[in-house]
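Enquirer: Below is the file start-v4.csv, with CSV, C-alpha atoms.
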chain,number,residue,atom,x,y,z
A,8,MET,CA,0.0,0.0,0.0
A,9,THR,CA,1.4,3.4,-0.9
A,10,ALA,CA,2.0,6.2,1.6
A,11,ALA,CA,-0.5,8.3,-0.2
A,12,ARG,CA,-3.1,5.5,0.1
A,13,GLN,CA,-2.3,5.1,3.8
A,14,LEU,CA,-2.6,8.8,4.4
A,15,GLY,CA,-6.0,8.9,2.7
A,16,ILE,CA,-7.3,6.1,4.9
A,17,ALA,CA,-6.0,7.8,8.0
A,18,CYS,CA,-7.6,11.1,7.0
A,19,ALA,CA,-10.9,9.3,6.4
A,20,LEU,CA,-10.7,7.5,9.7
A,21,LEU,CA,-9.9,10.8,11.6
A,22,SER,CA,-12.8,12.4,9.8
A,23,ALA,CA,-15.2,9.7,10.9
A,24,LEU,CA,-13.9,9.8,14.5
A,25,GLY,CA,-14.4,13.5,14.4
A,26,GLY,CA,-18.0,13.0,13.4
A,27,PHE,CA,-18.6,10.5,16.2
A,28,ALA,CA,-17.0,12.9,18.7
A,29,ALA,CA,-19.3,15.7,17.5
A,30,GLN,CA,-22.4,13.5,17.9
A,31,ALA,CA,-21.3,12.5,21.4
A,32,ALA,CA,-20.6,16.1,22.4
A,33,ALA,CA,-24.1,17.1,21.1
A,34,LYS,CA,-25.7,14.6,23.4
A,35,GLU,CA,-23.9,16.0,26.5
A,36,PRO,CA,-26.5,17.8,28.6
A,37,LEU,CA,-26.7,21.6,29.0
A,38,VAL,CA,-26.1,21.9,32.7
A,39,LEU,CA,-28.0,24.9,34.3
A,40,ARG,CA,-27.1,25.9,37.8
A,41,PRO,CA,-29.4,27.6,40.3
A,42,VAL,CA,-29.6,31.4,40.3
A,43,SER,CA,-32.2,31.7,43.1
A,44,GLN,CA,-33.1,30.0,46.4
A,45,TRP,CA,-36.0,27.7,46.7
A,46,VAL,CA,-39.3,29.6,47.2
A,47,LEU,CA,-42.2,27.7,48.9
A,48,ASP,CA,-45.7,29.0,48.5
A,49,TYR,CA,-48.2,27.8,51.1
A,50,ALA,CA,-51.6,28.3,49.4
A,51,ASP,CA,-55.0,27.1,50.8
A,52,ASP,CA,-55.3,24.3,48.3
A,53,SER,CA,-51.8,23.5,47.1
A,54,CYS,CA,-48.1,23.7,47.9
A,55,ARG,CA,-45.8,25.1,45.2
A,56,MET,CA,-42.0,25.0,45.3
A,57,ALA,CA,-40.0,27.0,42.7
A,58,ARG,CA,-36.4,27.8,41.7
A,59,THR,CA,-34.8,29.4,38.7
A,60,PHE,CA,-31.7,28.1,36.9
A,61,GLY,CA,-29.4,29.6,34.2
A,62,GLU,CA,-29.0,33.1,33.0
A,63,GLY,CA,-29.9,35.2,29.9
A,64,GLU,CA,-31.4,33.1,27.1
A,65,GLU,CA,-30.8,29.9,29.2
A,66,LYS,CA,-33.0,31.1,32.1
A,67,THR,CA,-35.3,28.2,33.1
A,68,ILE,CA,-37.8,27.7,35.9
A,69,PHE,CA,-38.6,24.6,37.9
A,70,ILE,CA,-41.9,24.3,39.7
A,71,LEU,CA,-43.0,21.4,41.8
A,72,GLU,CA,-46.6,21.2,43.0
A,73,ARG,CA,-48.6,19.0,45.4
A,74,TYR,CA,-52.3,19.1,46.2
A,75,GLU,CA,-52.4,16.7,49.0
A,76,PRO,CA,-49.9,14.6,51.1
A,77,GLY,CA,-48.2,11.8,49.3
A,78,ASP,CA,-45.2,11.0,47.0
A,79,ARG,CA,-46.6,12.1,43.7
A,80,PHE,CA,-46.4,15.7,42.4
A,81,SER,CA,-47.0,17.8,39.3
A,82,LEU,CA,-44.1,19.5,37.6
A,83,ILE,CA,-43.6,22.5,35.4
A,84,VAL,CA,-40.3,23.2,33.7
A,85,GLY,CA,-40.1,26.2,31.4
A,86,GLY,CA,-37.5,28.3,29.4
A,87,ASP,CA,-35.9,28.8,26.1
A,88,PRO,CA,-33.7,25.8,26.3
A,89,LEU,CA,-36.8,23.6,26.1
A,90,LYS,CA,-37.9,24.8,22.7
A,91,ALA,CA,-38.7,21.9,20.4
A,92,GLN,CA,-41.2,20.9,17.7
A,93,LEU,CA,-44.8,20.8,18.7
A,94,TYR,CA,-46.0,17.3,19.8
A,95,THR,CA,-42.4,16.3,20.6
A,96,ASP,CA,-42.1,13.5,23.1
A,97,THR,CA,-40.4,14.5,26.3
A,98,ALA,CA,-38.5,12.5,28.9
A,99,PHE,CA,-37.9,13.5,32.5
A,100,ARG,CA,-35.2,11.8,34.5
A,101,PHE,CA,-34.2,12.5,38.1
A,102,GLY,CA,-30.7,11.5,39.0
A,103,PRO,CA,-28.5,9.9,39.6
A,104,ASP,CA,-30.8,7.0,40.3
A,105,GLY,CA,-34.2,8.4,40.4
A,106,TYR,CA,-37.6,8.2,38.7
A,107,GLU,CA,-37.9,8.3,34.9
A,108,GLU,CA,-40.9,9.1,32.8
A,109,GLU,CA,-41.3,9.5,29.0
A,110,GLY,CA,-44.3,10.5,26.8
A,111,ALA,CA,-46.3,13.2,25.2
A,112,PHE,CA,-46.3,15.7,28.1
A,113,ARG,CA,-48.6,18.8,27.9
A,114,THR,CA,-46.9,22.0,26.8
A,115,GLY,CA,-47.9,25.6,27.2
A,116,GLU,CA,-46.7,29.2,27.6
A,117,MET,CA,-45.7,31.2,30.7
A,118,GLY,CA,-44.3,34.6,29.8
A,119,GLU,CA,-40.6,34.8,29.8
A,120,TYR,CA,-40.3,31.1,30.8
A,121,SER,CA,-42.0,29.8,27.6
A,122,PRO,CA,-42.3,27.2,26.5
A,123,ILE,CA,-43.3,25.1,29.5
A,124,VAL,CA,-43.6,21.4,29.8
A,125,LEU,CA,-46.1,20.0,32.4
A,126,GLY,CA,-46.1,16.6,33.9
A,127,SER,CA,-48.3,15.1,36.6
A,128,GLY,CA,-48.3,11.9,38.7
A,129,LEU,CA,-44.5,12.0,38.9
A,130,PHE,CA,-42.1,10.8,41.7
A,131,LEU,CA,-38.5,11.8,42.7
A,132,ALA,CA,-37.7,8.1,43.1
A,133,ALA,CA,-39.6,5.0,42.2
A,134,PRO,CA,-41.5,3.7,45.3
A,135,PRO,CA,-40.5,0.2,46.3
A,136,ASN,CA,-43.9,-1.2,45.2
A,137,LEU,CA,-44.5,0.8,42.0
A,138,GLY,CA,-46.6,-1.4,39.8
A,139,GLU,CA,-46.6,-2.0,36.1
A,140,ARG,CA,-49.3,0.6,35.6
A,141,GLY,CA,-47.5,3.2,37.7
A,142,GLY,CA,-49.8,2.6,40.7
A,143,ALA,CA,-48.2,2.7,44.1
A,144,GLU,CA,-49.3,1.8,47.6
A,145,ALA,CA,-47.4,3.1,50.6
A,146,ARG,CA,-47.1,0.7,53.5
A,147,ASP,CA,-45.9,1.0,57.0
A,148,ALA,CA,-42.8,-1.2,57.1
A,149,ASP,CA,-43.4,-2.4,60.6
A,150,ALA,CA,-47.2,-2.9,60.7
A,151,GLY,CA,-47.7,-3.8,57.0
A,152,THR,CA,-50.6,-1.4,56.8
A,153,ILE,CA,-51.4,1.0,54.0
A,154,SER,CA,-50.3,4.6,54.7
A,155,ILE,CA,-53.3,6.9,54.3
A,156,PHE,CA,-51.1,9.5,52.8
A,157,ASP,CA,-49.5,7.2,50.2
A,158,GLN,CA,-45.9,8.0,51.3
A,159,ALA,CA,-43.4,5.2,50.5
A,160,ILE,CA,-40.4,7.1,49.4
A,161,ALA,CA,-37.8,7.5,52.2
A,162,PHE,CA,-36.1,10.8,53.1
A,163,GLU,CA,-32.8,9.3,52.2
A,164,GLN,CA,-34.0,8.5,48.7
A,165,GLU,CA,-35.2,12.1,48.2
A,166,ALA,CA,-31.9,13.5,49.6
A,167,ALA,CA,-29.9,11.4,47.1
A,168,ILE,CA,-31.6,13.1,44.1
A,169,THR,CA,-29.5,16.0,42.9
A,170,TRP,CA,-30.5,16.8,39.3
A,171,LEU,CA,-33.3,16.7,36.8
A,172,GLU,CA,-32.6,16.0,33.1
A,173,ILE,CA,-35.2,16.9,30.4
A,174,GLN,CA,-34.9,15.5,26.9
A,175,ARG,CA,-37.2,16.9,24.2
A,176,GLY,CA,-37.1,14.9,20.9
A,177,LYS,CA,-33.6,14.9,19.5
A,178,ARG,CA,-32.6,18.2,21.1
A,179,ARG,CA,-29.7,18.5,23.5
A,180,PRO,CA,-30.9,17.4,27.0
A,181,VAL,CA,-31.1,20.1,29.7
A,182,ARG,CA,-29.9,19.2,33.2
A,183,LEU,CA,-31.0,21.3,36.2
A,184,ALA,CA,-28.5,21.1,39.0
A,185,LEU,CA,-31.1,20.9,41.8
A,186,GLY,CA,-28.8,20.1,44.7
A,187,SER,CA,-30.0,17.6,47.3
A,188,MET,CA,-33.8,17.4,47.3
A,189,GLY,CA,-33.9,16.2,50.9
A,190,PRO,CA,-34.5,19.6,52.6
A,191,PRO,CA,-36.9,21.1,50.1
A,192,MET,CA,-39.0,18.0,50.0
A,193,ALA,CA,-39.1,17.9,53.8
A,194,ALA,CA,-40.5,21.4,53.7
A,195,MET,CA,-43.0,20.3,51.0
A,196,ARG,CA,-44.3,17.4,53.2
A,197,LYS,CA,-44.8,19.8,56.1
A,198,CYS,CA,-46.8,22.1,53.8
A,199,THR,CA,-49.0,19.4,52.4
A,200,GLU,CA,-49.9,18.1,55.8
A,201,GLU,CA,-50.9,21.6,56.9
A,202,LEU,CA,-53.2,21.7,53.9
A,203,LEU,CA,-55.5,19.2,55.6
A,204,THR,CA,-55.9,21.5,58.6
A,205,HIS,CA,-56.9,24.3,56.2
A,206,TRP,CA,-59.6,22.0,54.9
A,207,GLY,CA,-61.0,21.3,58.4
A,208,ILE,CA,-59.6,17.8,58.6
A,209,ASP,CA,-58.0,16.4,61.7
A,210,LEU,CA,-54.5,15.4,60.6
A,211,GLU,CA,-53.8,12.8,63.3
A,212,SER,CA,-57.2,11.1,63.1
A,213,HIS,CA,-56.7,10.8,59.4
A,214,ARG,CA,-53.4,9.1,59.9
A,215,ALA,CA,-55.3,6.3,61.6
A,216,LEU,CA,-57.9,5.8,58.9
A,217,THR,CA,-58.6,2.2,58.0
A,218,ARG,CA,-59.9,3.1,54.6
A,219,LYS,CA,-59.7,6.2,52.4
A,220,VAL,CA,-62.6,7.6,50.4
A,221,ARG,CA,-63.3,5.1,47.6
A,222,PRO,CA,-65.2,5.9,44.4
A,223,LYS,CA,-68.3,4.0,43.6
A,224,GLY,CA,-68.1,3.0,40.0
A,225,ASN,CA,-65.8,4.4,37.4
A,226,PRO,CA,-64.8,8.1,38.0
A,227,GLY,CA,-64.1,8.3,34.3
A,228,HIS,CA,-67.8,8.4,33.8
A,229,TRP,CA,-68.4,11.4,36.0
A,230,VAL,CA,-67.1,14.0,33.6
A,231,VAL,CA,-67.9,13.1,30.0
A,232,SER,CA,-67.6,14.5,26.5
A,233,ARG,CA,-70.9,16.3,26.7
A,234,ASP,CA,-69.6,18.3,29.7
A,235,TYR,CA,-67.0,19.9,27.5
A,236,PRO,CA,-68.0,23.6,27.2
A,237,GLY,CA,-69.3,23.8,23.7
A,238,ASP,CA,-67.8,27.1,22.7
A,239,LEU,CA,-64.4,26.1,24.0
A,240,ALA,CA,-64.5,22.7,22.2
A,241,SER,CA,-65.4,24.4,18.9
A,242,LYS,CA,-62.4,26.7,19.2
A,243,GLY,CA,-60.1,23.8,20.1
A,244,VAL,CA,-59.4,25.2,23.6
A,245,GLU,CA,-58.0,22.6,26.0
A,246,GLY,CA,-57.8,22.7,29.8
A,247,LEU,CA,-56.5,20.9,32.9
A,248,VAL,CA,-58.4,21.1,36.2
A,249,HIS,CA,-57.1,19.8,39.5
A,250,PHE,CA,-60.0,19.5,42.0
A,251,ARG,CA,-60.9,18.3,45.4
A,252,LEU,CA,-64.2,17.1,46.7
A,253,SER,CA,-65.3,17.3,50.3
A,254,VAL,CA,-67.0,13.9,51.0
A,255,SER,CA,-69.5,13.3,53.8
A,256,ALA,CA,-69.7,10.3,56.0
A,257,GLU,CA,-72.5,9.2,53.8
A,258,GLY,CA,-70.2,9.2,50.7
A,259,VAL,CA,-71.8,12.2,49.0
A,260,PRO,CA,-69.8,15.2,47.8
A,261,THR,CA,-70.7,18.3,49.8
A,262,ASP,CA,-68.4,20.8,48.1
A,263,CYS,CA,-66.1,21.1,45.1
A,264,HIS,CA,-62.8,23.0,45.3
A,265,ILE,CA,-60.6,23.9,42.3
A,266,GLN,CA,-57.1,23.5,43.5
A,267,ARG,CA,-55.4,24.7,40.3
A,268,SER,CA,-56.6,25.1,36.8
A,269,ILE,CA,-55.4,25.9,33.3
A,270,ARG,CA,-58.3,28.2,32.5
A,271,PRO,CA,-60.7,29.4,30.9
A,272,ARG,CA,-62.8,29.3,34.0
A,273,ASP,CA,-65.7,27.6,32.1
A,274,PHE,CA,-63.7,24.4,32.6
A,275,ASP,CA,-63.8,24.8,36.4
A,276,GLU,CA,-67.6,25.2,36.4
A,277,ALA,CA,-68.1,22.2,34.0
A,278,VAL,CA,-66.0,19.9,36.3
A,279,CYS,CA,-67.7,20.9,39.6
A,280,ASN,CA,-71.2,20.8,38.1
A,281,ALA,CA,-70.7,17.3,36.7
A,282,LEU,CA,-69.0,15.9,39.8
A,283,MET,CA,-71.6,17.2,42.3
A,284,ARG,CA,-74.3,15.5,40.2
A,285,ARG,CA,-72.6,12.2,39.5
A,286,ALA,CA,-69.8,11.4,42.0
A,287,ARG,CA,-70.6,9.0,44.7
A,288,PHE,CA,-68.3,7.2,47.2
A,289,GLU,CA,-67.8,4.7,49.8
A,290,PRO,CA,-66.8,6.9,52.8
A,291,ALA,CA,-63.6,6.9,54.7
A,292,LEU,CA,-63.5,4.8,57.8
A,293,ASP,CA,-61.8,5.8,61.1
A,294,SER,CA,-59.7,3.6,63.3
A,295,GLN,CA,-62.9,1.9,64.7
A,296,GLY,CA,-64.3,1.3,61.2
A,297,ARG,CA,-66.9,4.1,61.5
A,298,PRO,CA,-67.7,6.3,58.4
A,299,VAL,CA,-66.1,9.8,58.7
A,300,ALA,CA,-66.0,12.9,56.5
A,301,SER,CA,-62.9,13.2,54.4
A,302,TYR,CA,-61.9,14.2,50.8
A,303,TRP,CA,-61.1,12.9,47.4
A,304,ARG,CA,-59.1,14.6,44.7
A,305,SER,CA,-58.1,14.0,41.1
A,306,THR,CA,-57.6,15.8,37.7
A,307,VAL,CA,-59.7,16.3,34.6
A,308,ASN,CA,-58.0,16.8,31.3
A,309,PHE,CA,-60.0,18.4,28.6
A,310,LEU,CA,-58.5,17.4,25.2
A,311,VAL,CA,-59.8,18.1,21.7
A,312,PRO,CA,-59.6,14.9,19.6
Using the file provided, produce a representation of the structure as structure tokens.

Expert:
Amino acid sequence: MTAARQLGIACALLSALGGFAAQAAAKEPLVLRPVSQWVLDYADDSCRMARTFGEGEEKTIFILERYEPGDRFSLIVGGDPLKAQLYTDTAFRFGPDGYEEEGAFRTGEMGEYSPIVLGSGLFLAAPPNLGERGGAEARDADAGTISIFDQAIAFEQEAAITWLEIQRGKRRPVRLALGSMGPPMAAMRKCTEELLTHWGIDLESHRALTRKVRPKGNPGHWVVSRDYPGDLASKGVEGLVHFRLSVSAEGVPTDCHIQRSIRPRDFDEAVCNALMRRARFEPALDSQGRPVASYWRSTVNFLVP
């Protein structure tokens, strides 16, 4: 083989290696560090924790929300680094060894932090008994009983989570350097437990419930397509409504509370009107097995086919 031929092969090899290196570099995450402290908002119907990351065009906001005690939460992440094509699949990954979720997350706008990506029913770490369908039951390790607040993730697991990585389509992933999530999540748990006292619920007696409020029938039949506000459906307007029902000892809803909503407000009214007419429950039971007043909460997602 001639020297020229050898040189040509070497140059081609170097060119290919350079291409592979460029691809590898493109997949390295954009790491954004915090530029604010954690801000915890104690509202009457929700707890919201927020922090901003990055500067200039990379400025990004992280918002974690809970509407009751438990391990699950809703998440909003927004900023210019998250721009991608519409209908792009998004993956969330808490690290180094936390919970992962991938799918068609809802997107939206939020002023200077647009676009935003919204996820719900998420965890920081996978509970030890997370089922195939994403359902989780929290159990007392000693007594083997179900925790009424669905808390199965230990503080040590939360404290071990230090970053969140978001991948949108084929774009470069964005990694938020969260720091240890132990202290902020401890504050969040305190906030969500205080929510119950705002709702007139005795926190300690609820810890001893032998059964939570249980829907009678399929809750998916309580808010149906004909409840979609007609003018909003015709305009293609979609909405997301987080709600809470006060439930009597007889299993009947006595009040409907909107905990947070992506408006228009017509969605809120449609949800509460439908639920107060159709929702029925098996009531919560206290430590002696007696029916007691409690609550039930969920989310309605209005989507145009």

Enquirer: Need the shell around region 283-300 of chain A: protein/DNA/RNA residues with any atom at most 10 Å away, counting all atoms listed in the file. Skip same-chain ones fewer than 6 positions apart. Format as JSON, numbers by chain?

Expert: {"A": [207, 208, 212, 213, 214, 215, 216, 217, 218, 219, 220, 221, 222, 223, 224, 225, 226, 228, 229, 230, 252, 253, 254, 255, 256, 257, 258, 259, 260, 261, 262, 263]}

Enquirer: Which residue is closest to Arg40 (chain A)? Choose from A:Ala277, A:Leu125, A:Met192, A:Leu185 and count only C-alpha atoms.

Expert: A:Leu185

Enquirer: Take CA of Phe80 (chain A) and CA of Ser127 (chain A) and report the distance between them in Å, one decimal.

Expert: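 A separation of 6.1 Å between them.
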
Enquirer: Could you pull the residues within 9 Å of Leu129 (chain A), counting only C-alpha atoms, minus those fewer than 6 positions along the same chain, as a list in words?

Expert: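 Contacts, with the query itself left out: Asp78, Arg79, Phe80, Ser81, Leu82, Tyr106, Glu107 and Glu108 of chain A.
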
Enquirer: Which one of A:Gln158, A:Gly85, A:Trp170, A:Cys279 sits closest to Gly186 (chain A) if you count all atoms listed in the file?

Expert: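 Between A:Gln158, A:Gly85, A:Trp170, A:Cys279, the residue approaching Gly186 (chain A) most closely is A:Trp170.
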
Enquirer: Provide the CA of Val278 (chain A) to CA of Glu116 (chain A) distance in Å, to one decimal place.

Expert: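 Value for the CA of Val278 (chain A)-CA of Glu116 (chain A) distance: 23.1 Å.
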
Enquirer: Would you mind listing what lies within 9 Å of Leu89 (chain A) as a PyMOL selection string, with only C-alpha atoms counted and same-chain residues fewer than 5 positions away left out?

Expert: chain A and resi 67+84+121-124+173-175+178+180-181

Enquirer: Using Å and a single decimal, report how far CA of Phe130 (chain A) sits from CA of Ala193 (chain A).

Expert: 14.3 Å

Enquirer: For each of A:Leu183, A:Ile160, A:Leu239, A:Ile269, take the minimum atom-to-atom distance to Pro36 (chain A), counting all atoms listed in the file, then give the residue where this is smallest.

Expert: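 Looking only at the distances to Pro36 (chain A), the closest residue turns out to be A:Leu183.
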
Enquirer: Counting all atoms listed in the file, find the residues whose atoms lie at most 9 Å from (-41.4, 15.2, 24.2) (file coordinates) and write them out as a PyMOL selection string.

Expert: chain A and resi 91-98+109-113+124+173-176

Enquirer: From the list A:Tyr120, A:Asp209, A:Arg179, A:Glu75, which residue is nearest Arg55 (chain A) when using all atoms listed in the file?

Expert: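 Residue with the minimum atom-to-atom distance to Arg55 (chain A): A:Glu75.
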
Enquirer: Go through A:Ala184, A:Leu282, A:Ala194, A:Ala167 one by one, measure the shortest atom-to-atom distance of each to Pro76 (chain A) using only C-alpha atoms, and give the residue with the smallest value.

Expert: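 Checking each of A:Ala184, A:Leu282, A:Ala194, A:Ala167 against Pro76 (chain A), counting only C-alpha atoms, the winner is A:Ala194.
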
Enquirer: Using all atoms listed in the file for the distances, tell me which of A:Arg58, A:Lys90, A:Arg304, A:Lys242 is nearest to Arg73 (chain A).

Expert: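 Result for the nearest residue to Arg73 (chain A): A:Arg304.
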